[in-house]
file final-v8.pdb (PDB, C-alpha atoms)
MODEL        1
ATOM      1  CA  MET T1256      69.080 158.719  76.451
ATOM      2  CA  SER T1257      68.460 155.873  73.999
ATOM      3  CA  LYS T1258      65.317 153.737  74.009
ATOM      4  CA  LEU T1259      65.610 150.170  75.289
ATOM      5  CA  VAL T1260      63.431 147.219  74.266
ATOM      6  CA  ILE T1261      63.359 144.352  76.781
ATOM      7  CA  VAL T1262      62.048 140.951  75.691
ATOM      8  CA  GLY T1263      61.604 138.112  78.154
ATOM      9  CA  THR T1264      59.304 136.462  80.650
ATOM     10  CA  VAL T1265      57.116 138.218  83.176
ATOM     11  CA  ALA T1266      56.290 135.383  85.495
ATOM     12  CA  PHE T1267      55.509 133.812  88.845
ATOM     13  CA  ASP T1268      58.291 132.046  90.722
ATOM     14  CA  ALA T1269      58.234 129.827  93.810
ATOM     15  CA  ILE T1270      61.687 129.577  95.325
ATOM     16  CA  GLU T1271      63.310 127.510  98.051
ATOM     17  CA  THR T1272      66.828 128.189  99.342
ATOM     18  CA  PRO T1273      68.653 127.172 102.534
ATOM     19  CA  PHE T1274      67.351 130.475 103.989
ATOM     20  CA  GLY T1275      63.638 129.917 103.423
ATOM     21  CA  LYS T1276      60.961 129.443 100.788
ATOM     22  CA  THR T1277      58.289 131.492  99.055
ATOM     23  CA  ASP T1278      54.867 130.924  97.569
ATOM     24  CA  LYS T1279      54.206 132.412  94.113
ATOM     25  CA  ILE T1280      56.043 135.734  93.816
ATOM     26  CA  LEU T1281      56.838 138.105  90.963
ATOM     27  CA  GLY T1282      59.653 136.885  88.702
ATOM     28  CA  GLY T1283      60.661 136.539  85.081
ATOM     29  CA  ALA T1284      63.668 137.683  83.055
ATOM     30  CA  ALA T1285      62.001 140.823  81.657
ATOM     31  CA  THR T1286      60.920 141.863  85.158
ATOM     32  CA  TYR T1287      64.445 141.665  86.577
ATOM     33  CA  ILE T1288      65.975 143.304  83.487
ATOM     34  CA  GLY T1289      63.412 146.130  83.574
ATOM     35  CA  LEU T1290      63.802 146.832  87.297
ATOM     36  CA  SER T1291      67.577 146.915  86.937
ATOM     37  CA  ALA T1292      67.565 149.124  83.827
ATOM     38  CA  SER T1293      65.131 151.510  85.524
ATOM     39  CA  GLN T1294      67.988 152.591  87.832
ATOM     40  CA  PHE T1295      69.275 154.652  84.908
ATOM     41  CA  GLY T1296      65.966 156.398  84.160
ATOM     42  CA  THR T1297      65.855 154.364  80.958
ATOM     43  CA  ASP T1298      63.068 154.822  78.406
ATOM     44  CA  GLY T1299      62.377 151.097  78.315
ATOM     45  CA  ALA T1300      59.570 148.948  76.951
ATOM     46  CA  ILE T1301      58.812 145.430  78.154
ATOM     47  CA  VAL T1302      57.650 142.955  75.503
ATOM     48  CA  SER T1303      56.150 139.891  77.149
ATOM     49  CA  VAL T1304      52.905 138.061  77.933
ATOM     50  CA  VAL T1305      50.940 137.287  81.104
ATOM     51  CA  GLY T1306      47.633 135.635  81.914
ATOM     52  CA  GLY T1307      44.465 137.013  83.448
ATOM     53  CA  ASP T1308      45.751 135.800  86.828
ATOM     54  CA  PHE T1309      48.556 138.400  86.829
ATOM     55  CA  PRO T1310      47.869 141.126  89.424
ATOM     56  CA  GLN T1311      47.412 144.681  88.199
ATOM     57  CA  LYS T1312      49.558 145.901  91.120
ATOM     58  CA  TYR T1313      52.642 144.333  89.524
ATOM     59  CA  ILE T1314      51.953 146.080  86.217
ATOM     60  CA  ASP T1315      51.421 149.350  88.069
ATOM     61  CA  MET T1316      54.745 148.857  89.845
ATOM     62  CA  LEU T1317      56.590 148.401  86.526
ATOM     63  CA  VAL T1318      54.943 151.535  85.158
ATOM     64  CA  SER T1319      55.920 153.451  88.307
ATOM     65  CA  LYS T1320      59.548 152.503  87.569
ATOM     66  CA  GLY T1321      59.289 154.116  84.129
ATOM     67  CA  MET T1322      58.646 150.969  82.103
ATOM     68  CA  ASN T1323      56.370 151.150  79.062
ATOM     69  CA  VAL T1324      53.982 148.155  79.094
ATOM     70  CA  GLU T1325      52.251 148.572  75.715
ATOM     71  CA  GLY T1326      54.091 145.428  74.605
ATOM     72  CA  LEU T1327      52.948 143.408  77.629
ATOM     73  CA  GLU T1328      50.167 141.226  76.221
ATOM     74  CA  ILE T1329      47.480 140.079  78.663
ATOM     75  CA  VAL T1330      45.615 136.872  77.792
ATOM     76  CA  PRO T1331      42.476 137.144  79.979
ATOM     77  CA  ASP T1332      41.613 133.432  80.028
ATOM     78  CA  GLY T1333      45.245 132.269  80.217
ATOM     79  CA  LYS T1334      47.649 131.547  83.071
ATOM     80  CA  THR T1335      50.990 133.287  83.602
ATOM     81  CA  PHE T1336      54.279 131.417  83.122
ATOM     82  CA  PHE T1337      55.331 129.709  86.364
ATOM     83  CA  TRP T1338      58.699 128.367  87.513
ATOM     84  CA  SER T1339      59.611 126.695  90.782
ATOM     85  CA  GLY T1340      63.085 125.772  91.945
ATOM     86  CA  LYS T1341      65.094 124.634  94.950
ATOM     87  CA  TYR T1342      68.697 125.749  95.514
ATOM     88  CA  HIS T1343      71.361 123.515  97.031
ATOM     89  CA  ASN T1344      73.499 124.633  99.965
ATOM     90  CA  ASP T1345      76.211 126.044  97.678
ATOM     91  CA  MET T1346      73.565 128.367  96.105
ATOM     92  CA  ASN T1347      75.173 127.796  92.681
ATOM     93  CA  THR T1348      73.210 124.664  91.775
ATOM     94  CA  ARG T1349      69.467 124.206  91.803
ATOM     95  CA  ASP T1350      66.765 121.727  90.900
ATOM     96  CA  THR T1351      63.821 122.838  88.800
ATOM     97  CA  LEU T1352      60.683 121.530  90.486
ATOM     98  CA  ALA T1353      58.104 122.854  88.012
ATOM     99  CA  THR T1354      57.965 124.719  84.706
ATOM    100  CA  GLU T1355      54.509 125.668  83.412
ATOM    101  CA  LEU T1356      54.757 127.546  80.107
ATOM    102  CA  ASN T1357      51.047 128.466  80.048
ATOM    103  CA  VAL T1358      50.555 131.657  77.929
ATOM    104  CA  LEU T1359      54.237 131.637  76.960
ATOM    105  CA  GLU T1360      53.672 128.550  74.804
ATOM    106  CA  LYS T1361      51.958 130.559  72.045
ATOM    107  CA  PHE T1362      53.671 133.913  72.690
ATOM    108  CA  ASN T1363      54.144 136.028  69.567
ATOM    109  CA  PRO T1364      56.015 139.192  70.601
ATOM    110  CA  VAL T1365      54.809 142.545  69.295
ATOM    111  CA  VAL T1366      57.141 145.526  69.708
ATOM    112  CA  PRO T1367      55.192 148.804  70.157
ATOM    113  CA  ASP T1368      55.549 151.049  67.084
ATOM    114  CA  SER T1369      57.046 153.827  69.190
ATOM    115  CA  TYR T1370      59.925 151.531  70.237
ATOM    116  CA  LYS T1371      60.823 149.966  66.882
ATOM    117  CA  ASP T1372      63.495 152.654  66.530
ATOM    118  CA  ALA T1373      65.124 151.742  69.881
ATOM    119  CA  GLU T1374      68.927 151.811  69.810
ATOM    120  CA  VAL T1375      69.344 149.016  72.367
ATOM    121  CA  VAL T1376      67.544 145.653  72.389
ATOM    122  CA  MET T1377      67.860 143.170  75.261
ATOM    123  CA  LEU T1378      66.727 139.703  74.213
ATOM    124  CA  GLY T1379      66.037 137.854  77.451
ATOM    125  CA  ASN T1380      66.225 134.073  77.629
ATOM    126  CA  LEU T1381      63.404 132.746  75.406
ATOM    127  CA  HIS T1382      63.061 130.416  72.422
ATOM    128  CA  PRO T1383      65.456 131.627  69.689
ATOM    129  CA  MET T1384      62.606 132.043  67.176
ATOM    130  CA  VAL T1385      60.789 134.392  69.574
ATOM    131  CA  GLN T1386      64.027 136.369  69.853
ATOM    132  CA  MET T1387      64.358 136.415  66.053
ATOM    133  CA  GLY T1388      60.768 137.643  65.772
ATOM    134  CA  VAL T1389      61.757 140.708  67.797
ATOM    135  CA  ILE T1390      64.942 141.389  65.806
ATOM    136  CA  ASN T1391      62.869 141.344  62.602
ATOM    137  CA  GLN T1392      60.557 144.076  63.972
ATOM    138  CA  MET T1393      63.347 146.502  64.849
ATOM    139  CA  ASN T1394      64.580 149.376  62.685
ATOM    140  CA  ASN T1395      68.355 149.001  62.685
ATOM    141  CA  PRO T1396      69.230 149.036  66.421
ATOM    142  CA  LYS T1397      72.807 149.947  67.353
ATOM    143  CA  MET T1398      73.209 147.288  70.051
ATOM    144  CA  VAL T1399      71.416 143.938  70.260
ATOM    145  CA  VAL T1400      72.234 141.885  73.364
ATOM    146  CA  LEU T1401      71.279 138.192  73.548
ATOM    147  CA  ASP T1402      70.899 136.053  76.644
ATOM    148  CA  THR T1403      70.405 132.337  76.165
ATOM    149  CA  MET T1404      71.010 129.034  77.944
ATOM    150  CA  ASN T1405      72.097 125.425  77.451
ATOM    151  CA  PHE T1406      68.461 124.255  77.121
ATOM    152  CA  TRP T1407      68.194 126.034  73.734
ATOM    153  CA  MET T1408      71.614 124.703  72.721
ATOM    154  CA  ASP T1409      70.265 121.197  73.387
ATOM    155  CA  ILE T1410      66.944 121.464  71.535
ATOM    156  CA  ALA T1411      67.165 124.395  69.059
ATOM    157  CA  LEU T1412      70.849 124.902  68.216
ATOM    158  CA  ASP T1413      70.322 125.734  64.529
ATOM    159  CA  ASP T1414      67.726 128.392  65.345
ATOM    160  CA  LEU T1415      69.945 129.751  68.106
ATOM    161  CA  LYS T1416      72.927 130.085  65.753
ATOM    162  CA  LYS T1417      70.790 132.131  63.341
ATOM    163  CA  VAL T1418      69.997 134.554  66.165
ATOM    164  CA  ILE T1419      73.613 134.650  67.388
ATOM    165  CA  ALA T1420      74.675 135.691  63.869
ATOM    166  CA  LYS T1421      72.491 138.817  64.146
ATOM    167  CA  VAL T1422      73.461 140.133  67.593
ATOM    168  CA  ASP T1423      76.248 142.400  68.835
ATOM    169  CA  VAL T1424      76.636 140.933  72.337
ATOM    170  CA  ILE T1425      75.931 137.470  73.742
ATOM    171  CA  THR T1426      75.770 136.870  77.505
ATOM    172  CA  ILE T1427      76.082 133.283  78.752
ATOM    173  CA  ASN T1428      77.658 131.502  81.701
ATOM    174  CA  ASP T1429      80.972 129.649  81.560
ATOM    175  CA  GLU T1430      79.409 126.194  81.203
ATOM    176  CA  GLU T1431      77.240 127.406  78.295
ATOM    177  CA  ALA T1432      80.215 129.114  76.612
ATOM    178  CA  ARG T1433      82.076 125.807  76.690
ATOM    179  CA  GLN T1434      79.077 123.893  75.320
ATOM    180  CA  LEU T1435      78.429 126.402  72.517
ATOM    181  CA  SER T1436      82.066 126.602  71.411
ATOM    182  CA  GLY T1437      83.283 123.083  72.179
ATOM    183  CA  GLU T1438      86.307 124.674  73.877
ATOM    184  CA  TYR T1439      87.333 124.454  77.534
ATOM    185  CA  SER T1440      89.455 127.618  77.686
ATOM    186  CA  LEU T1441      87.123 130.618  77.995
ATOM    187  CA  VAL T1442      89.546 132.752  75.977
ATOM    188  CA  THR T1443      89.438 130.268  73.086
ATOM    189  CA  ALA T1444      85.680 129.763  73.567
ATOM    190  CA  SER T1445      85.040 133.511  73.270
ATOM    191  CA  LYS T1446      86.971 133.670  69.973
ATOM    192  CA  LYS T1447      84.968 130.756  68.551
ATOM    193  CA  ILE T1448      81.710 132.452  69.603
ATOM    194  CA  MET T1449      82.775 135.799  68.094
ATOM    195  CA  GLU T1450      83.284 133.975  64.804
ATOM    196  CA  MET T1451      79.552 133.152  64.939
ATOM    197  CA  GLY T1452      78.662 136.864  64.710
ATOM    198  CA  PRO T1453      78.779 138.841  67.977
ATOM    199  CA  GLN T1454      81.412 141.549  68.463
ATOM    200  CA  TYR T1455      81.329 141.070  72.229
ATOM    201  CA  VAL T1456      81.059 137.955  74.380
ATOM    202  CA  VAL T1457      80.111 138.342  78.044
ATOM    203  CA  ILE T1458      80.726 135.247  80.160
ATOM    204  CA  LYS T1459      79.000 135.279  83.551
ATOM    205  CA  LYS T1460      80.681 133.364  86.369
ATOM    206  CA  GLY T1461      78.099 133.887  89.130
ATOM    207  CA  GLU T1462      79.722 134.730  92.443
ATOM    208  CA  HIS T1463      83.085 134.921  90.630
ATOM    209  CA  GLY T1464      82.155 137.920  88.448
ATOM    210  CA  ALA T1465      82.000 138.336  84.663
ATOM    211  CA  LEU T1466      84.351 138.516  81.681
ATOM    212  CA  ILE T1467      83.884 140.514  78.483
ATOM    213  CA  PHE T1468      85.811 139.741  75.294
ATOM    214  CA  HIS T1469      86.155 141.890  72.158
ATOM    215  CA  LYS T1470      88.607 141.067  69.353
ATOM    216  CA  GLU T1471      91.926 140.592  71.191
ATOM    217  CA  GLU T1472      90.838 142.504  74.307
ATOM    218  CA  MET T1473      89.311 141.239  77.526
ATOM    219  CA  PHE T1474      88.138 142.701  80.827
ATOM    220  CA  PHE T1475      87.109 141.118  84.106
ATOM    221  CA  ALA T1476      84.586 142.529  86.572
ATOM    222  CA  PRO T1477      84.467 140.915  90.010
ATOM    223  CA  ALA T1478      81.327 140.080  91.924
ATOM    224  CA  LEU T1479      81.180 141.841  95.270
ATOM    225  CA  PRO T1480      81.789 139.365  98.114
ATOM    226  CA  LEU T1481      78.612 139.417 100.206
ATOM    227  CA  ALA T1482      78.058 138.267 103.784
ATOM    228  CA  GLU T1483      74.616 136.875 102.915
ATOM    229  CA  VAL T1484      73.101 135.588  99.692
ATOM    230  CA  PHE T1485      69.411 134.788 100.134
ATOM    231  CA  ASP T1486      68.283 134.045  96.584
ATOM    232  CA  PRO T1487      70.370 133.991  93.358
ATOM    233  CA  THR T1488      67.242 133.889  91.140
ATOM    234  CA  GLY T1489      67.307 136.683  88.579
ATOM    235  CA  ALA T1490      70.887 137.777  89.300
ATOM    236  CA  GLY T1491      71.962 137.129  85.695
ATOM    237  CA  ASP T1492      68.969 139.061  84.339
ATOM    238  CA  THR T1493      69.620 141.892  86.798
ATOM    239  CA  PHE T1494      73.199 141.963  85.505
ATOM    240  CA  ALA T1495      71.879 142.190  81.927
ATOM    241  CA  GLY T1496      69.515 145.002  82.896
ATOM    242  CA  GLY T1497      72.324 146.998  84.473
ATOM    243  CA  PHE T1498      74.553 146.372  81.459
ATOM    244  CA  THR T1499      71.985 147.389  78.829
ATOM    245  CA  GLY T1500      70.454 150.145  80.973
ATOM    246  CA  TYR T1501      73.839 151.829  81.281
ATOM    247  CA  LEU T1502      74.490 151.493  77.537
ATOM    248  CA  ALA T1503      71.071 152.978  76.738
ATOM    249  CA  LYS T1504      71.699 155.859  79.127
ATOM    250  CA  THR T1505      75.136 156.719  77.733
ATOM    251  CA  GLY T1506      74.634 155.841  74.052
ATOM    252  CA  ASP T1507      78.308 154.873  73.965
ATOM    253  CA  TYR T1508      79.027 151.394  72.590
ATOM    254  CA  SER T1509      82.830 151.461  72.725
ATOM    255  CA  PHE T1510      84.764 148.713  74.509
ATOM    256  CA  GLU T1511      85.848 151.206  77.184
ATOM    257  CA  ASN T1512      82.217 151.988  77.985
ATOM    258  CA  MET T1513      81.305 148.301  77.855
ATOM    259  CA  LYS T1514      83.743 147.822  80.743
ATOM    260  CA  ARG T1515      81.818 150.365  82.815
ATOM    261  CA  ALA T1516      78.524 148.715  81.816
ATOM    262  CA  ILE T1517      79.841 145.364  83.101
ATOM    263  CA  ILE T1518      80.692 146.950  86.459
ATOM    264  CA  TYR T1519      77.217 148.510  86.721
ATOM    265  CA  GLY T1520      75.677 145.135  85.878
ATOM    266  CA  SER T1521      77.710 143.372  88.566
ATOM    267  CA  CYS T1522      76.870 146.096  91.073
ATOM    268  CA  LEU T1523      73.114 145.778  90.543
ATOM    269  CA  ALA T1524      73.237 141.971  90.572
ATOM    270  CA  SER T1525      74.850 142.155  94.020
ATOM    271  CA  PHE T1526      71.665 143.776  95.364
ATOM    272  CA  CYS T1527      69.296 141.303  93.695
ATOM    273  CA  VAL T1528      70.556 138.322  95.713
ATOM    274  CA  GLU T1529      70.015 139.997  99.103
ATOM    275  CA  LYS T1530      66.249 139.270  99.224
ATOM    276  CA  PHE T1531      63.829 136.788  97.704
ATOM    277  CA  GLY T1532      62.631 137.489  94.171
ATOM    278  CA  THR T1533      62.410 141.108  93.002
ATOM    279  CA  GLU T1534      61.878 142.597  96.461
ATOM    280  CA  ARG T1535      65.323 144.178  96.767
ATOM    281  CA  MET T1536      65.268 145.621  93.244
ATOM    282  CA  GLN T1537      61.831 147.177  93.743
ATOM    283  CA  ASN T1538      63.070 149.186  96.719
ATOM    284  CA  LEU T1539      66.589 150.063  95.624
ATOM    285  CA  SER T1540      67.695 153.706  95.928
ATOM    286  CA  GLU T1541      70.141 155.652  93.758
ATOM    287  CA  ASN T1542      72.206 156.441  96.853
ATOM    288  CA  GLU T1543      72.635 152.730  97.683
ATOM    289  CA  VAL T1544      73.835 152.032  94.130
ATOM    290  CA  GLU T1545      76.343 154.888  94.276
ATOM    291  CA  LYS T1546      77.780 153.660  97.590
ATOM    292  CA  ARG T1547      78.172 150.136  96.281
ATOM    293  CA  LEU T1548      79.849 151.337  93.087
ATOM    294  CA  GLN T1549      82.465 152.971  95.300
ATOM    295  CA  GLN T1550      82.925 149.598  97.038
ATOM    296  CA  PHE T1551      83.536 148.017  93.630
ATOM    297  CA  GLN T1552      86.096 150.694  92.848
ATOM    298  CA  ARG T1553      87.955 150.068  96.106
ATOM    299  CA  LEU T1554      87.808 146.321  95.485
ATOM    300  CA  THR T1555      89.544 146.541  92.118
ATOM    301  CA  GLN T1556      91.922 149.516  92.311
ATOM    302  CA  PHE T1557      95.561 149.218  93.220
ATOM    303  CA  GLU T1558      98.833 150.964  92.386
ATOM    304  CA  LEU T1559     101.949 149.379  90.974
ATOM    305  CA  ASN T1560     105.265 150.451  92.463
ATOM    306  CA  THR T1561     107.667 150.113  89.564
TER     307      THR T1561
ENDMDL
END

call {"tool": "encode", "arguments": {"input": "final-v8.pdb", "output": "structure tokens"}}
result
Amino acid sequence: MSKLVIVGTVAFDAIETPFGKTDKILGGAATYIGLSASQFGTDGAIVSVVGGDFPQKYIDMLVSKGMNVEGLEIVPDGKTFFWSGKYHNDMNTRDTLATELNVLEKFNPVVPDSYKDAEVVMLGNLHPMVQMGVINQMNNPKMVVLDTMNFWMDIALDDLKKVIAKVDVITINDEEARQLSGEYSLVTASKKIMEMGPQYVVIKKGEHGALIFHKEEMFFAPALPLAEVFDPTGAGDTFAGGFTGYLAKTGDYSFENMKRAIIYGSCLASFCVEKFGTERMQNLSENEVEKRLQQFQRLTQFELNT
């Protein structure tokens, strides 16, 4: 079992979808990534920041899932990062209603000494210079995975490119891949992005699954068709947690194992959307994951009669 360092937000979210709305609930990229990775019994550390308004019960819950929280800074007189959004009827588009950076504005990540030798690093969606600050603290990790978004491409592209040059895997959605590469074809876009530094490009397509590219090879993992999707918030981060959690568990960074990691990521993301916020991921059992993996296998297997 390899160590895993998870960098990202631990936050409050308020969410509205066609199925209902919530007040402030637990959210944040690092939270979703950590809960997902914990399915593999991962030795993971969360590096993030919260304010004095963040309930101890949430920290206790993360610890109960096996997460190390030495790197979770608490600013007693500060307020925790808050995001509020409203999803449209198609559940793929949303409007951001509020973004309050609060303690995140001056966040300077500190990786615990006992995790600087971690083999796997998951850089959740934050300012590229915060992500670079984490890379610079690590002692030669074997697999650095970067998640980013179009917002950073718009306002901090030069900084983002410096980070991209130092990572092994980048995970972005199809729209972001096109923006970053200037190419419409995702195959061509992935090649352009690999030229920037990463060996692997993972392109997330929401309810349509995910693609992974490596040199001349590619692999597609479907998303499981679900009868009900209550809340897509955190699905991409849950995917990333499943992906990196599986890699940390196996310690195998070959393309063949990356394929399996993509399937595990898609499987876990399919649970995340079934309830609001992190509720489903907090109460997910190993048996449920195993059953759903078998569903994925049945969904994708077929025989050719030649």

call {"tool": "closest_residue", "arguments": {"input": "final-v8.pdb", "among": "T:Ser1509, T:Thr1351, T:Ser1369, T:Gln1294", "to": "Glu1545 (chain T)", "atoms": "only C-alpha atoms"}}
result
T:Gln1294

call {"tool": "closest_residue", "arguments": {"input": "final-v8.pdb", "among": "T:Leu1259, T:Met1513, T:Ala1495, T:Val1366", "to": "Glu1472 (chain T)", "atoms": "only C-alpha atoms"}}
result
T:Met1513

call {"tool": "residues_near_point", "arguments": {"input": "final-v8.pdb", "point": "(89.3, 133.1, 76.2)", "cutoff": "12 Å", "atoms": "all atoms listed in the file", "output": "mmCIF file with C-alpha atoms, keeping the file's coordinate frame"}}
result
data_model
loop_
_atom_site.group_PDB
_atom_site.id
_atom_site.type_symbol
_atom_site.label_atom_id
_atom_site.label_comp_id
_atom_site.auth_asym_id
_atom_site.auth_seq_id
_atom_site.Cartn_x
_atom_site.Cartn_y
_atom_site.Cartn_z
ATOM 1 C CA ASP T 1429 80.972 129.649 81.560
ATOM 2 C CA ALA T 1432 80.215 129.114 76.612
ATOM 3 C CA ARG T 1433 82.076 125.807 76.690
ATOM 4 C CA SER T 1436 82.066 126.602 71.411
ATOM 5 C CA GLU T 1438 86.307 124.674 73.877
ATOM 6 C CA TYR T 1439 87.333 124.454 77.534
ATOM 7 C CA SER T 1440 89.455 127.618 77.686
ATOM 8 C CA LEU T 1441 87.123 130.618 77.995
ATOM 9 C CA VAL T 1442 89.546 132.752 75.977
ATOM 10 C CA THR T 1443 89.438 130.268 73.086
ATOM 11 C CA ALA T 1444 85.680 129.763 73.567
ATOM 12 C CA SER T 1445 85.040 133.511 73.270
ATOM 13 C CA LYS T 1446 86.971 133.670 69.973
ATOM 14 C CA LYS T 1447 84.968 130.756 68.551
ATOM 15 C CA ILE T 1448 81.710 132.452 69.603
ATOM 16 C CA MET T 1449 82.775 135.799 68.094
ATOM 17 C CA TYR T 1455 81.329 141.070 72.229
ATOM 18 C CA VAL T 1456 81.059 137.955 74.380
ATOM 19 C CA VAL T 1457 80.111 138.342 78.044
ATOM 20 C CA ILE T 1458 80.726 135.247 80.160
ATOM 21 C CA LEU T 1466 84.351 138.516 81.681
ATOM 22 C CA ILE T 1467 83.884 140.514 78.483
ATOM 23 C CA PHE T 1468 85.811 139.741 75.294
ATOM 24 C CA HIS T 1469 86.155 141.890 72.158
ATOM 25 C CA LYS T 1470 88.607 141.067 69.353
ATOM 26 C CA GLU T 1471 91.926 140.592 71.191
ATOM 27 C CA GLU T 1472 90.838 142.504 74.307
ATOM 28 C CA MET T 1473 89.311 141.239 77.526
ATOM 29 C CA PHE T 1474 88.138 142.701 80.827
ATOM 30 C CA PHE T 1475 87.109 141.118 84.106
#

call {"tool": "closest_residue", "arguments": {"input": "final-v8.pdb", "among": "T:Tyr1287, T:Tyr1519, T:Phe1510, T:Phe1498", "to": "Gln1537 (chain T)", "atoms": "only C-alpha atoms"}}
result
T:Tyr1287

call {"tool": "closest_residue", "arguments": {"input": "final-v8.pdb", "among": "T:Pro1383, T:Gly1326, T:Gly1333, T:Gly1306", "to": "Ala1285 (chain T)", "atoms": "only C-alpha atoms"}}
result
T:Gly1326

call {"tool": "atom_distance", "arguments": {"input": "final-v8.pdb", "atom1": "CA of Gln1556 (chain T)", "atom2": "CA of Ile1518 (chain T)"}}
result
12.9 Å

call {"tool": "resolve_selection", "arguments": {"input": "final-v8.pdb", "expression": "the PyMOL selection byres ((chain T and resi 1343) around 12)", "output": "ChimeraX atom specification"}}
result
/T:1270-1275,1340-1342,1344-1351,1485-1487

call {"tool": "closest_residue", "arguments": {"input": "final-v8.pdb", "among": "T:Thr1335, T:Asp1492, T:Ala1373, T:Gly1497", "to": "Thr1354 (chain T)", "atoms": "only C-alpha atoms"}}
result
T:Thr1335

call {"tool": "closest_residue", "arguments": {"input": "final-v8.pdb", "among": "T:Leu1481, T:Ala1284, T:Asp1409, T:Asn1395", "to": "Leu1381 (chain T)", "atoms": "only C-alpha atoms"}}
result
T:Ala1284

call {"tool": "atom_distance", "arguments": {"input": "final-v8.pdb", "atom1": "CA of Met1316 (chain T)", "atom2": "CA of Leu1290 (chain T)"}}
result
9.6 Å

call {"tool": "atom_distance", "arguments": {"input": "final-v8.pdb", "atom1": "CA of Lys1421 (chain T)", "atom2": "CA of Pro1367 (chain T)"}}
result
20.9 Å

call {"tool": "resolve_selection", "arguments": {"input": "final-v8.pdb", "expression": "the PyMOL selection byres ((chain T and resi 1522-1529) around 8)", "output": "JSON, numbers by chain"}}
result
{"T": [1291, 1478, 1479, 1481, 1483, 1484, 1485, 1486, 1487, 1488, 1489, 1490, 1491, 1493, 1494, 1497, 1518, 1519, 1520, 1521, 1530, 1531, 1532, 1533, 1535, 1536, 1544, 1547, 1548, 1551]}

call {"tool": "resolve_selection", "arguments": {"input": "final-v8.pdb", "expression": "the PyMOL selection byres ((chain T and resi 1264-1268) around 7)", "output": "compact mmCIF listing (two decimals) with C-alpha atoms, in the frame of the given file"}}
result
# COMPACT_ATOMS: atom_id res chain seq x y z
CA GLY T 1263 61.60 138.11 78.15
CA ALA T 1269 58.23 129.83 93.81
CA ILE T 1270 61.69 129.58 95.32
CA LYS T 1279 54.21 132.41 94.11
CA ILE T 1280 56.04 135.73 93.82
CA LEU T 1281 56.84 138.10 90.96
CA GLY T 1282 59.65 136.88 88.70
CA GLY T 1283 60.66 136.54 85.08
CA ALA T 1284 63.67 137.68 83.06
CA ALA T 1285 62.00 140.82 81.66
CA THR T 1286 60.92 141.86 85.16
CA SER T 1303 56.15 139.89 77.15
CA VAL T 1304 52.90 138.06 77.93
CA VAL T 1305 50.94 137.29 81.10
CA THR T 1335 50.99 133.29 83.60
CA PHE T 1336 54.28 131.42 83.12
CA PHE T 1337 55.33 129.71 86.36
CA TRP T 1338 58.70 128.37 87.51
CA SER T 1339 59.61 126.70 90.78

call {"tool": "residues_near_point", "arguments": {"input": "final-v8.pdb", "point": "(73.3, 138.4, 72.6)", "cutoff": "10 Å", "atoms": "all atoms listed in the file", "output": "list in words"}}
result
Val1376, Met1377, Leu1378, Gly1379, Asn1380, Gln1386, Met1398, Val1399, Val1400, Leu1401, Asp1402, Thr1403, Val1418, Ile1419, Ala1420, Lys1421, Val1422, Asp1423, Val1424, Ile1425, Thr1426, Ile1427, Gly1452, Pro1453, Gln1454, Tyr1455, Val1456 and Val1457 of chain T

call {"tool": "residues_around", "arguments": {"input": "final-v8.pdb", "residues": "region 1321-1323 of chain T", "least_positions_apart": "3", "cutoff": "6 Å", "atoms": "all atoms listed in the file", "output": "PyMOL selection string"}}
result
chain T and resi 1299-1300+1317-1318

call {"tool": "decode", "arguments": {"input": "final-v8.pdb", "residues": "region 1318-1329 of chain T", "atoms": "C-alpha atoms", "output": "PDB file, in the first residue's frame"}}
result
ATOM      1  CA  VAL T1318     -10.402  10.326  10.604  1.00  0.00           C
ATOM      2  CA  SER T1319     -12.813   7.408  11.065  1.00  0.00           C
ATOM      3  CA  LYS T1320     -12.429   6.702   7.330  1.00  0.00           C
ATOM      4  CA  GLY T1321      -8.657   6.395   7.757  1.00  0.00           C
ATOM      5  CA  MET T1322      -7.696   9.888   6.622  1.00  0.00           C
ATOM      6  CA  ASN T1323      -4.733  11.623   8.255  1.00  0.00           C
ATOM      7  CA  VAL T1324      -5.671  15.253   9.038  1.00  0.00           C
ATOM      8  CA  GLU T1325      -2.317  16.626  10.243  1.00  0.00           C
ATOM      9  CA  GLY T1326      -2.244  18.706   7.054  1.00  0.00           C
ATOM     10  CA  LEU T1327      -5.736  20.126   7.621  1.00  0.00           C
ATOM     11  CA  GLU T1328      -5.051  23.645   8.896  1.00  0.00           C
ATOM     12  CA  ILE T1329      -7.709  25.212  11.127  1.00  0.00           C
TER      13      ILE T1329
END
